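Peer 1: So here's entry09.cif (mmCIF, C-alpha atoms).
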```cif
data_query
loop_
_atom_site.label_atom_id
_atom_site.label_comp_id
_atom_site.auth_asym_id
_atom_site.auth_seq_id
_atom_site.Cartn_x
_atom_site.Cartn_y
_atom_site.Cartn_z
CA MET A 553 39.69 1.47 -10.11
CA ARG A 554 36.99 -0.70 -8.58
CA LEU A 555 33.45 -0.39 -9.88
CA ILE A 556 32.14 0.92 -6.55
CA ASN A 557 34.56 3.86 -6.79
CA ARG A 558 33.57 4.91 -10.32
CA THR A 559 31.13 7.79 -10.54
CA PRO A 560 29.06 7.94 -13.75
CA SER A 561 29.03 11.14 -15.78
CA ARG A 562 25.95 13.35 -15.91
CA PHE A 563 25.00 11.90 -19.30
CA ALA A 564 25.47 8.36 -18.02
CA VAL A 565 23.27 9.11 -15.01
CA VAL A 566 20.45 10.31 -17.27
CA ALA A 567 20.89 7.43 -19.72
CA LEU A 568 20.99 4.76 -17.02
CA GLY A 569 17.97 6.30 -15.32
CA LEU A 570 15.94 6.24 -18.55
CA LEU A 571 17.03 2.75 -19.59
CA PRO A 572 14.58 0.74 -17.40
CA PHE A 573 11.67 2.95 -18.47
CA VAL A 574 12.51 2.59 -22.17
CA ALA A 575 12.98 -1.17 -21.76
CA THR A 576 9.56 -1.45 -20.08
CA ILE A 577 7.84 0.51 -22.85
CA VAL A 578 9.56 -1.48 -25.61
CA THR A 579 8.75 -4.79 -23.91
CA TYR A 580 5.09 -3.81 -23.53
CA ALA A 581 4.87 -2.63 -27.16
CA ILE A 582 6.29 -5.92 -28.42
CA ALA A 583 3.98 -8.00 -26.20
CA SER A 584 0.97 -5.94 -27.23
CA HIS A 585 1.85 -6.26 -30.91
CA TYR A 586 2.14 -10.05 -30.88
CA ARG A 587 -0.95 -10.46 -28.74
CA ARG A 588 -3.02 -8.37 -31.16
CA LEU A 589 -1.70 -10.38 -34.11
CA ASP A 590 -3.66 -13.34 -32.77
CA ASN A 591 -6.67 -11.24 -31.75
CA PRO A 592 -6.95 -7.69 -33.16
CA ALA A 593 -9.82 -6.97 -30.73
CA ASP A 594 -7.76 -7.95 -27.68
CA LYS A 595 -8.35 -5.61 -24.72
CA LEU A 596 -5.82 -6.95 -22.24
CA LEU A 597 -2.75 -5.30 -23.83
CA PRO A 598 -3.99 -2.34 -25.87
CA SER A 599 -1.57 -0.60 -28.20
CA LEU A 600 0.32 2.50 -27.13
CA GLU A 601 -1.63 4.43 -29.74
CA SER A 602 -5.03 3.40 -28.37
CA MET A 603 -3.92 4.25 -24.82
CA GLY A 604 -2.74 7.66 -25.99
CA GLN A 605 -6.09 8.28 -27.67
CA ALA A 606 -7.97 7.21 -24.54
CA PHE A 607 -5.83 9.44 -22.34
CA TRP A 608 -6.42 12.38 -24.67
CA ARG A 609 -10.15 11.69 -24.63
CA MET A 610 -10.22 11.71 -20.82
CA ALA A 611 -8.00 14.79 -20.57
CA ALA A 612 -9.17 17.03 -23.40
CA VAL A 613 -12.62 15.92 -24.58
CA PRO A 614 -15.58 17.04 -22.40
CA ASP A 615 -17.74 14.25 -21.07
CA ARG A 616 -21.06 13.90 -22.91
CA ARG A 617 -23.13 13.82 -19.72
CA SER A 618 -21.45 16.37 -17.48
CA GLY A 619 -19.33 18.36 -19.90
CA ASP A 620 -16.33 17.97 -17.56
CA LEU A 621 -12.79 16.95 -18.44
CA LEU A 622 -12.85 13.72 -16.46
CA LEU A 623 -9.11 13.28 -15.95
CA TRP A 624 -8.67 16.69 -14.38
CA ILE A 625 -11.79 16.41 -12.22
CA ASP A 626 -10.61 13.01 -10.96
CA THR A 627 -7.09 14.31 -10.37
CA PHE A 628 -8.23 17.39 -8.48
CA ASP A 629 -10.59 15.46 -6.20
CA SER A 630 -8.03 12.75 -5.46
CA LEU A 631 -5.26 15.24 -4.72
CA MET A 632 -7.56 17.22 -2.43
CA ARG A 633 -8.36 14.09 -0.41
CA LEU A 634 -4.73 13.02 -0.36
CA GLY A 635 -3.46 16.48 0.58
CA THR A 636 -6.00 16.94 3.36
CA GLY A 637 -5.30 13.52 4.83
CA MET A 638 -1.53 13.95 4.74
CA ALA A 639 -1.77 17.47 6.19
CA VAL A 640 -3.72 16.11 9.16
CA SER A 641 -1.24 13.26 9.57
CA THR A 642 1.68 15.70 9.49
CA LEU A 643 0.09 17.88 12.15
CA LEU A 644 -0.55 14.85 14.37
CA ALA A 645 3.03 13.69 13.81
CA ILE A 646 4.37 17.04 15.00
CA LEU A 647 2.13 17.25 18.04
CA PHE A 648 2.23 13.68 19.27
CA GLY A 649 5.62 12.71 17.86
CA ILE A 650 7.44 15.50 19.65
CA GLY A 651 5.41 14.93 22.80
CA ILE A 652 6.15 11.20 22.88
CA GLY A 653 9.79 11.64 22.01
CA PHE A 654 10.57 14.57 24.30
CA ILE A 655 8.35 14.28 27.35
CA PRO A 656 8.68 11.00 29.32
CA HIS A 657 5.19 11.13 30.85
CA ILE A 658 3.55 11.48 27.44
CA ARG A 659 5.78 8.70 26.09
CA SER A 660 4.75 6.37 28.90
CA ALA A 661 1.07 7.13 28.36
CA LEU A 662 0.85 7.04 24.54
CA ALA A 663 3.75 5.03 23.13
CA PRO A 664 2.33 1.55 23.96
CA TYR A 665 -1.12 2.52 22.71
CA LEU A 666 0.28 3.99 19.49
CA ALA A 667 2.45 0.93 18.88
CA THR A 668 -0.61 -1.29 19.22
CA PHE A 669 -2.89 0.95 17.16
CA SER A 670 -0.37 1.12 14.31
CA LEU A 671 -0.62 -2.68 13.90
CA ILE A 672 -4.30 -2.54 12.91
CA PRO A 673 -4.64 -2.96 9.11
CA PRO A 674 -6.32 0.35 8.17
CA ILE A 675 -8.25 -1.11 5.26
CA THR A 676 -10.11 -3.45 7.63
CA ILE A 677 -11.75 -0.53 9.43
CA LEU A 678 -12.96 1.11 6.23
CA PRO A 679 -16.50 -0.32 6.69
CA ILE A 680 -16.54 1.14 10.21
CA LEU A 681 -15.57 4.54 8.81
CA PHE A 682 -18.32 4.35 6.20
CA ILE A 683 -20.87 3.44 8.88
CA THR A 684 -19.65 6.16 11.25
CA PHE A 685 -18.97 9.03 8.85
CA GLY A 686 -21.03 8.03 5.84
CA LEU A 687 -19.83 7.70 2.26
CA GLY A 688 -18.64 11.29 1.93
CA GLU A 689 -15.21 12.86 2.05
CA VAL A 690 -14.65 12.48 5.78
CA SER A 691 -14.42 8.68 5.70
CA LYS A 692 -11.88 8.72 2.84
CA ILE A 693 -9.70 11.32 4.54
CA ALA A 694 -10.01 9.49 7.87
CA LEU A 695 -8.73 6.29 6.25
CA ILE A 696 -5.65 8.10 4.96
CA VAL A 697 -5.02 9.63 8.39
CA ILE A 698 -5.47 6.33 10.24
CA GLY A 699 -3.21 4.57 7.76
CA THR A 700 -0.35 7.08 7.78
CA ALA A 701 -0.42 9.08 11.03
CA PRO A 702 0.71 6.30 13.44
CA VAL A 703 3.79 5.50 11.39
CA MET A 704 4.65 9.17 10.94
CA ILE A 705 4.18 9.81 14.67
CA ARG A 706 6.50 6.94 15.56
CA ALA A 707 9.11 8.11 13.05
CA THR A 708 8.95 11.65 14.45
CA ALA A 709 9.19 10.41 18.03
CA GLN A 710 12.24 8.32 17.13
CA ALA A 711 13.83 11.35 15.47
CA VAL A 712 13.37 13.28 18.73
CA LEU A 713 14.89 10.44 20.72
CA ASP A 714 17.89 10.42 18.36
CA ILE A 715 18.78 14.02 19.23
CA PRO A 716 22.08 13.90 21.15
CA ARG A 717 21.49 14.24 24.87
CA GLU A 718 24.36 16.68 25.05
CA MET A 719 22.42 19.24 23.03
CA ILE A 720 19.47 19.05 25.41
CA ILE A 721 21.74 19.38 28.45
CA LYS A 722 23.40 22.45 26.94
CA ALA A 723 19.99 24.04 26.32
CA GLU A 724 18.95 23.33 29.91
CA THR A 725 22.23 24.80 31.18
CA LEU A 726 21.53 27.99 29.25
CA GLY A 727 18.17 28.24 30.99
CA ALA A 728 15.89 27.27 28.10
CA SER A 729 12.34 26.31 29.00
CA VAL A 730 10.66 23.18 27.64
CA TRP A 731 8.78 25.25 25.07
CA GLN A 732 11.97 26.99 23.96
CA MET A 733 13.75 23.68 23.59
CA ILE A 734 10.88 22.31 21.52
CA THR A 735 10.70 25.30 19.18
CA ARG A 736 14.42 26.09 18.88
CA LEU A 737 16.10 22.71 19.29
CA VAL A 738 13.74 19.82 18.72
CA LEU A 739 11.60 21.14 15.87
CA PRO A 740 14.50 22.19 13.59
CA GLN A 741 16.13 18.79 14.13
CA VAL A 742 12.93 16.87 13.50
CA LEU A 743 11.50 18.63 10.45
CA PRO A 744 13.87 17.00 7.89
CA LYS A 745 13.01 13.58 9.30
CA LEU A 746 9.33 14.51 9.20
CA ILE A 747 9.57 15.30 5.49
CA THR A 748 11.20 11.90 4.95
CA ALA A 749 8.37 10.26 6.89
CA LEU A 750 5.87 12.21 4.80
CA ARG A 751 7.50 10.96 1.59
CA LEU A 752 7.34 7.38 2.82
CA GLY A 753 3.76 7.88 4.01
CA LEU A 754 2.62 8.91 0.54
CA VAL A 755 2.91 5.32 -0.69
CA PRO A 756 0.32 3.79 1.67
CA ALA A 757 -1.71 6.99 1.46
CA TRP A 758 -2.23 6.44 -2.28
CA ILE A 759 -3.24 2.84 -1.62
CA PHE A 760 -5.84 3.84 0.96
CA LEU A 761 -7.10 6.67 -1.24
CA ILE A 762 -7.60 4.45 -4.29
CA SER A 763 -9.24 1.75 -2.17
CA ALA A 764 -11.70 4.20 -0.59
CA GLU A 765 -12.54 5.83 -3.93
CA ALA A 766 -13.11 2.45 -5.53
CA ILE A 767 -15.64 1.41 -2.90
CA ALA A 768 -17.63 4.61 -2.41
CA SER A 769 -17.10 7.64 -4.58
CA THR A 770 -18.41 9.37 -7.68
CA THR A 771 -15.15 11.05 -8.68
CA GLY A 772 -11.46 10.37 -8.27
CA LEU A 773 -8.73 8.39 -9.94
CA GLY A 774 -9.53 5.20 -8.04
CA TYR A 775 -13.23 5.57 -8.80
CA ARG A 776 -12.57 5.91 -12.54
CA ILE A 777 -10.31 2.85 -12.66
CA PHE A 778 -12.86 0.63 -10.93
CA LEU A 779 -15.70 2.12 -12.97
CA VAL A 780 -14.24 1.19 -16.35
CA ARG A 781 -12.89 -2.20 -15.28
CA ARG A 782 -16.32 -3.74 -15.89
CA TYR A 783 -15.83 -2.89 -19.59
CA LEU A 784 -12.26 -4.26 -19.59
CA ALA A 785 -11.14 -0.78 -20.67
CA MET A 786 -7.43 -1.35 -20.22
CA ASP A 787 -6.73 1.53 -22.59
CA VAL A 788 -8.10 3.78 -19.82
CA ILE A 789 -6.92 1.83 -16.78
CA LEU A 790 -3.26 1.60 -17.76
CA PRO A 791 -2.87 5.34 -18.57
CA TYR A 792 -4.57 6.16 -15.26
CA VAL A 793 -2.12 3.90 -13.42
CA VAL A 794 0.78 5.64 -15.17
CA TRP A 795 -0.76 9.03 -14.35
CA ILE A 796 -1.09 8.13 -10.66
CA THR A 797 2.52 6.95 -10.65
CA LEU A 798 3.63 10.21 -12.26
CA LEU A 799 1.72 12.28 -9.71
CA ALA A 800 3.25 10.27 -6.86
CA PHE A 801 6.72 10.74 -8.33
CA ILE A 802 6.24 14.50 -8.71
CA LEU A 803 5.00 14.85 -5.12
CA ASP A 804 7.96 12.84 -3.85
CA ARG A 805 10.46 14.95 -5.81
CA LEU A 806 8.85 18.19 -4.64
CA LEU A 807 9.14 17.10 -1.02
CA LEU A 808 12.77 16.11 -1.56
CA LEU A 809 13.47 19.48 -3.17
CA LEU A 810 11.80 21.24 -0.25
CA SER A 811 13.94 19.29 2.19
CA LYS A 812 17.14 20.10 0.28
CA ARG A 813 16.31 23.78 0.04
CA ALA A 814 15.10 24.25 3.61
CA PHE A 815 17.51 21.88 5.37
CA ARG A 816 20.69 21.75 3.31
CA TRP A 817 22.70 20.70 6.34
CA ASN A 818 20.72 17.45 6.49
CA HIS A 819 21.80 16.46 2.95
CA MET A 820 25.50 17.21 3.19
CA GLY A 821 26.40 13.61 3.95
CA GLY A 822 25.53 12.29 0.48
CA ALA A 823 22.90 12.00 -2.22
CA ALA A 824 19.28 11.60 -1.16
CA LEU A 825 16.97 9.11 -2.81
#
```
Now that the file is in, can you turn its structure into structure tokens?
Peer 2:
Amino acid sequence: MRLINRTPSRFAVVALGLLPFVATIVTYAIASHYRRLDNPADKLLPSLESMGQAFWRMAAVPDRRSGDLLLWIDTFDSLMRLGTGMAVSTLLAILFGIGIGFIPHIRSALAPYLATFSLIPPITILPILFITFGLGEVSKIALIVIGTAPVMIRATAQAVLDIPREMIIKAETLGASVWQMITRLVLPQVLPKLITALRLGLVPAWIFLISAEAIASTTGLGYRIFLVRRYLAMDVILPYVVWITLLAFILDRLLLLLSKRAFRWNHMGGAAL
């Protein structure tokens, strides 16, 4: 049997999935060990033990000044900004994506503008957002929306355009109005694709969030990383990077689970990544 036709067992799937993570941890531990042999005070590659202690300190030991658990305060504020920005982007994707994909006049009016607007690097307009909206929450959320909404709108519009024309003709033959076709035909077909677009949009959303928090913020995961970098506190920075990665992974898996539970028919063709 050819290799491409062999399906690994459940145990093999788990083992193969864990192998790269274990290899990364072991490689880092070895590199950190030999680097600290030459310089015990080295800060570039702190030991796993020192990173664990730093993570525990940020997560479980109240801050001397504020009395807060810094990790959880940073996590809550960052997730609130991320969630608000992605919620706005999702709403815009539904409204404008369906409009552009389903109604020719709206497509003619907005599609060229949206295609052009989506080419603007969002990070370059961050100073404009700070000048316009100030250094508060609005500018950070606006950056996430500007960075993710255009791509999500275009993905949603394309999903609408991919709906077989025969289905639309059948709905028209049965006397369905435009609103009925949108709510009963288009929206159910588009929602699984929208969740996929949302999952893909989370990657740039995290980048824009961390960038905005690093420049102008007093809380947040990005703010904390750029605050401690001046002290070369890699024992804090690296655990925060791992924590952000873990949060992103959990959000991605939750969205995938939601898609599988709500739209099983969309996942019948094979495994979803």
Peer 1: Which residues are close to A:Ala639, i.e. within 12 Å by all atoms listed in the file, leaving aside same-chain residues fewer than 6 positions away? Reply as a list in words.
Peer 2: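 These residues fall inside the cut-off: Leu631, Met632, Arg633, Ala645, Ile646, Ile693, Ala694, Ile696, Val697, Thr700, Ala701, Met704, Leu746, Ile747, Leu750, Gly753, Leu754 and Ala757 of chain A.
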Peer 1: With the PyMOL selection byres ((chain A and resi 680-691) around 10) as the selection, what would be picked from this file? Answer as a VMD selection string, please.
Peer 2: chain A and resid 629 632 to 633 637 675 to 679 692 to 697 764 to 765 767 to 770
Peer 1: Suppose you want the space between atom CA of A:Ile705 and atom CA of A:Lys812; what is it in Å?
Peer 2: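 Here the two named atoms are 21.9 Å from each other.
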Peer 1: Report, in Å to a single decimal, how far apart atom CA of A:Thr636 and atom CA of A:Ala611 are.
Peer 2: 24.1 Å
Peer 1: Between atom CA of A:Thr771 and atom CA of A:Leu806, measure the distance and give it in Å to one decimal.
Peer 2: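 Going from atom CA of A:Thr771 over to atom CA of A:Leu806 covers 25.4 Å.
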Peer 1: Would you translate the PyMOL selection byres ((chain A and resi 735-742) around 8) into the concrete set of residues it matches in this file, as a PyMOL selection string?
Peer 2: chain A and resi 650+708+711-712+715+720+731-734+743-746
Peer 1: Would you save the residues of that selection, restricted to C-alpha atoms, as a PDB file, in the frame of the given file?
Peer 2:
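That gives us part08.pdb:
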```pdb
ATOM      1  CA  ILE A 650       7.440  15.500  19.650  1.00  0.00           C
ATOM      2  CA  THR A 708       8.950  11.650  14.450  1.00  0.00           C
ATOM      3  CA  ALA A 711      13.830  11.350  15.470  1.00  0.00           C
ATOM      4  CA  VAL A 712      13.370  13.280  18.730  1.00  0.00           C
ATOM      5  CA  ILE A 715      18.780  14.020  19.230  1.00  0.00           C
ATOM      6  CA  ILE A 720      19.470  19.050  25.410  1.00  0.00           C
ATOM      7  CA  TRP A 731       8.780  25.250  25.070  1.00  0.00           C
ATOM      8  CA  GLN A 732      11.970  26.990  23.960  1.00  0.00           C
ATOM      9  CA  MET A 733      13.750  23.680  23.590  1.00  0.00           C
ATOM     10  CA  ILE A 734      10.880  22.310  21.520  1.00  0.00           C
ATOM     11  CA  LEU A 743      11.500  18.630  10.450  1.00  0.00           C
ATOM     12  CA  PRO A 744      13.870  17.000   7.890  1.00  0.00           C
ATOM     13  CA  LYS A 745      13.010  13.580   9.300  1.00  0.00           C
ATOM     14  CA  LEU A 746       9.330  14.510   9.200  1.00  0.00           C
TER      15      LEU A 746
END
```
Peer 1: Which residues come within 10 Å of A:Leu647, counting all atoms listed in the file, excluding same-chain residues fewer than 4 positions away, as a PyMOL selection string?
Peer 2: chain A and resi 641-643+651-652+705+708-709
Peer 1: Next, dump the selected residues to file, keeping only C-alpha atoms, as an mmCIF file, keeping the file's coordinate frame.
Peer 2:
```cif
data_model
loop_
_atom_site.group_PDB
_atom_site.id
_atom_site.type_symbol
_atom_site.label_atom_id
_atom_site.label_comp_id
_atom_site.auth_asym_id
_atom_site.auth_seq_id
_atom_site.Cartn_x
_atom_site.Cartn_y
_atom_site.Cartn_z
ATOM 1 C CA SER A 641 -1.240 13.260 9.570
ATOM 2 C CA THR A 642 1.680 15.700 9.490
ATOM 3 C CA LEU A 643 0.090 17.880 12.150
ATOM 4 C CA GLY A 651 5.410 14.930 22.800
ATOM 5 C CA ILE A 652 6.150 11.200 22.880
ATOM 6 C CA ILE A 705 4.180 9.810 14.670
ATOM 7 C CA THR A 708 8.950 11.650 14.450
ATOM 8 C CA ALA A 709 9.190 10.410 18.030
#
```
Peer 1: Write out as a list in words which residues come within 12 Å of stretch 577-590 of chain A when counting all atoms listed in the file, dropping same-chain ones fewer than 3 positions away.
Peer 2: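 Answer for this query is Leu570, Leu571, Pro572, Phe573, Val574, Ala593, Asp594, Lys595, Leu596, Leu597, Pro598, Ser599, Leu600, Glu601, Ser602, Met603, Met786, Asp787, Leu790 and Val794 of chain A.
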Peer 1: Step by step, work through what the PyMOL selection byres ((chain A and resi 667) around 12) selects in the shown file, and finish by giving those residues as a list in words.
Peer 2: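 Residues picked by the PyMOL selection byres ((chain A and resi 667) around 12): Ile652, Arg659, Ser660, Ala661, Leu662, Ala663, Pro664, Tyr665, Leu666, Thr668, Phe669, Ser670, Leu671, Ile672, Ala701, Pro702, Val703, Met704, Ile705, Arg706, Ala707 and Ala709 of chain A.
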Peer 1: Please write N, CA, C and O atoms of stretch 633-657 of chain A, from the structure given just now, as a short mmCIF file (atom, residue, chain, number, x, y, z; two decimals), in the first residue's frame.
Peer 2:
```
data_model
loop_
_atom_site.label_atom_id
_atom_site.label_comp_id
_atom_site.auth_asym_id
_atom_site.auth_seq_id
_atom_site.Cartn_x
_atom_site.Cartn_y
_atom_site.Cartn_z
N ARG A 633 -10.43 43.69 23.17
CA ARG A 633 -10.15 44.46 21.96
C ARG A 633 -10.25 43.58 20.72
O ARG A 633 -10.85 43.97 19.72
N LEU A 634 -9.66 42.40 20.82
CA LEU A 634 -9.70 41.48 19.68
C LEU A 634 -11.13 41.06 19.37
O LEU A 634 -11.54 41.06 18.20
N GLY A 635 -11.89 40.69 20.39
CA GLY A 635 -13.26 40.24 20.18
C GLY A 635 -14.14 41.32 19.60
O GLY A 635 -14.94 41.07 18.69
N THR A 636 -13.99 42.54 20.11
CA THR A 636 -14.80 43.65 19.59
C THR A 636 -14.47 43.94 18.14
O THR A 636 -15.36 44.10 17.30
N GLY A 637 -13.18 43.98 17.83
CA GLY A 637 -12.78 44.26 16.45
C GLY A 637 -13.25 43.19 15.49
O GLY A 637 -13.76 43.49 14.40
N MET A 638 -13.11 41.92 15.86
CA MET A 638 -13.52 40.84 14.98
C MET A 638 -15.04 40.76 14.86
O MET A 638 -15.58 40.37 13.82
N ALA A 639 -15.76 41.12 15.92
CA ALA A 639 -17.23 41.15 15.84
C ALA A 639 -17.70 42.20 14.84
O ALA A 639 -18.61 41.96 14.04
N VAL A 640 -17.07 43.38 14.88
CA VAL A 640 -17.41 44.43 13.92
C VAL A 640 -17.07 43.99 12.50
O VAL A 640 -17.85 44.18 11.56
N SER A 641 -15.91 43.38 12.33
CA SER A 641 -15.51 42.90 11.00
C SER A 641 -16.47 41.84 10.49
O SER A 641 -16.80 41.82 9.29
N THR A 642 -16.92 40.95 11.36
CA THR A 642 -17.87 39.91 10.95
C THR A 642 -19.19 40.52 10.52
O THR A 642 -19.77 40.10 9.50
N LEU A 643 -19.67 41.49 11.26
CA LEU A 643 -20.91 42.16 10.90
C LEU A 643 -20.78 42.86 9.55
O LEU A 643 -21.68 42.76 8.69
N LEU A 644 -19.68 43.55 9.33
CA LEU A 644 -19.45 44.22 8.04
C LEU A 644 -19.34 43.20 6.91
O LEU A 644 -19.81 43.45 5.80
N ALA A 645 -18.72 42.05 7.21
CA ALA A 645 -18.58 41.01 6.18
C ALA A 645 -19.95 40.48 5.76
O ALA A 645 -20.20 40.22 4.58
N ILE A 646 -20.85 40.32 6.73
CA ILE A 646 -22.19 39.84 6.41
C ILE A 646 -22.95 40.87 5.58
O ILE A 646 -23.55 40.56 4.54
N LEU A 647 -22.93 42.10 6.04
CA LEU A 647 -23.71 43.15 5.37
C LEU A 647 -23.17 43.44 3.97
O LEU A 647 -23.90 43.37 2.98
N PHE A 648 -21.90 43.78 3.89
CA PHE A 648 -21.34 44.20 2.61
C PHE A 648 -20.98 43.01 1.73
O PHE A 648 -21.07 43.09 0.51
N GLY A 649 -20.54 41.91 2.33
CA GLY A 649 -20.18 40.75 1.54
C GLY A 649 -21.36 40.17 0.79
O GLY A 649 -21.28 39.88 -0.41
N ILE A 650 -22.49 40.02 1.49
CA ILE A 650 -23.69 39.51 0.83
C ILE A 650 -24.20 40.52 -0.19
O ILE A 650 -24.61 40.15 -1.29
N GLY A 651 -24.17 41.79 0.16
CA GLY A 651 -24.62 42.82 -0.78
C GLY A 651 -23.80 42.83 -2.05
O GLY A 651 -24.34 42.86 -3.16
N ILE A 652 -22.48 42.78 -1.92
CA ILE A 652 -21.60 42.80 -3.09
C ILE A 652 -21.75 41.53 -3.91
O ILE A 652 -21.76 41.56 -5.15
N GLY A 653 -21.87 40.41 -3.24
CA GLY A 653 -21.94 39.15 -3.95
C GLY A 653 -23.28 38.85 -4.58
O GLY A 653 -23.35 38.12 -5.57
N PHE A 654 -24.36 39.43 -4.03
CA PHE A 654 -25.70 39.03 -4.46
C PHE A 654 -26.42 40.08 -5.30
O PHE A 654 -27.27 39.75 -6.12
N ILE A 655 -26.08 41.34 -5.07
CA ILE A 655 -26.79 42.41 -5.77
C ILE A 655 -25.83 43.12 -6.72
O ILE A 655 -24.88 43.76 -6.28
N PRO A 656 -26.05 43.00 -8.03
CA PRO A 656 -25.10 43.54 -9.02
C PRO A 656 -24.82 45.03 -8.87
O PRO A 656 -23.68 45.47 -9.07
N HIS A 657 -25.83 45.84 -8.54
CA HIS A 657 -25.60 47.28 -8.42
C HIS A 657 -24.65 47.59 -7.26
O HIS A 657 -23.78 48.47 -7.38
#
```
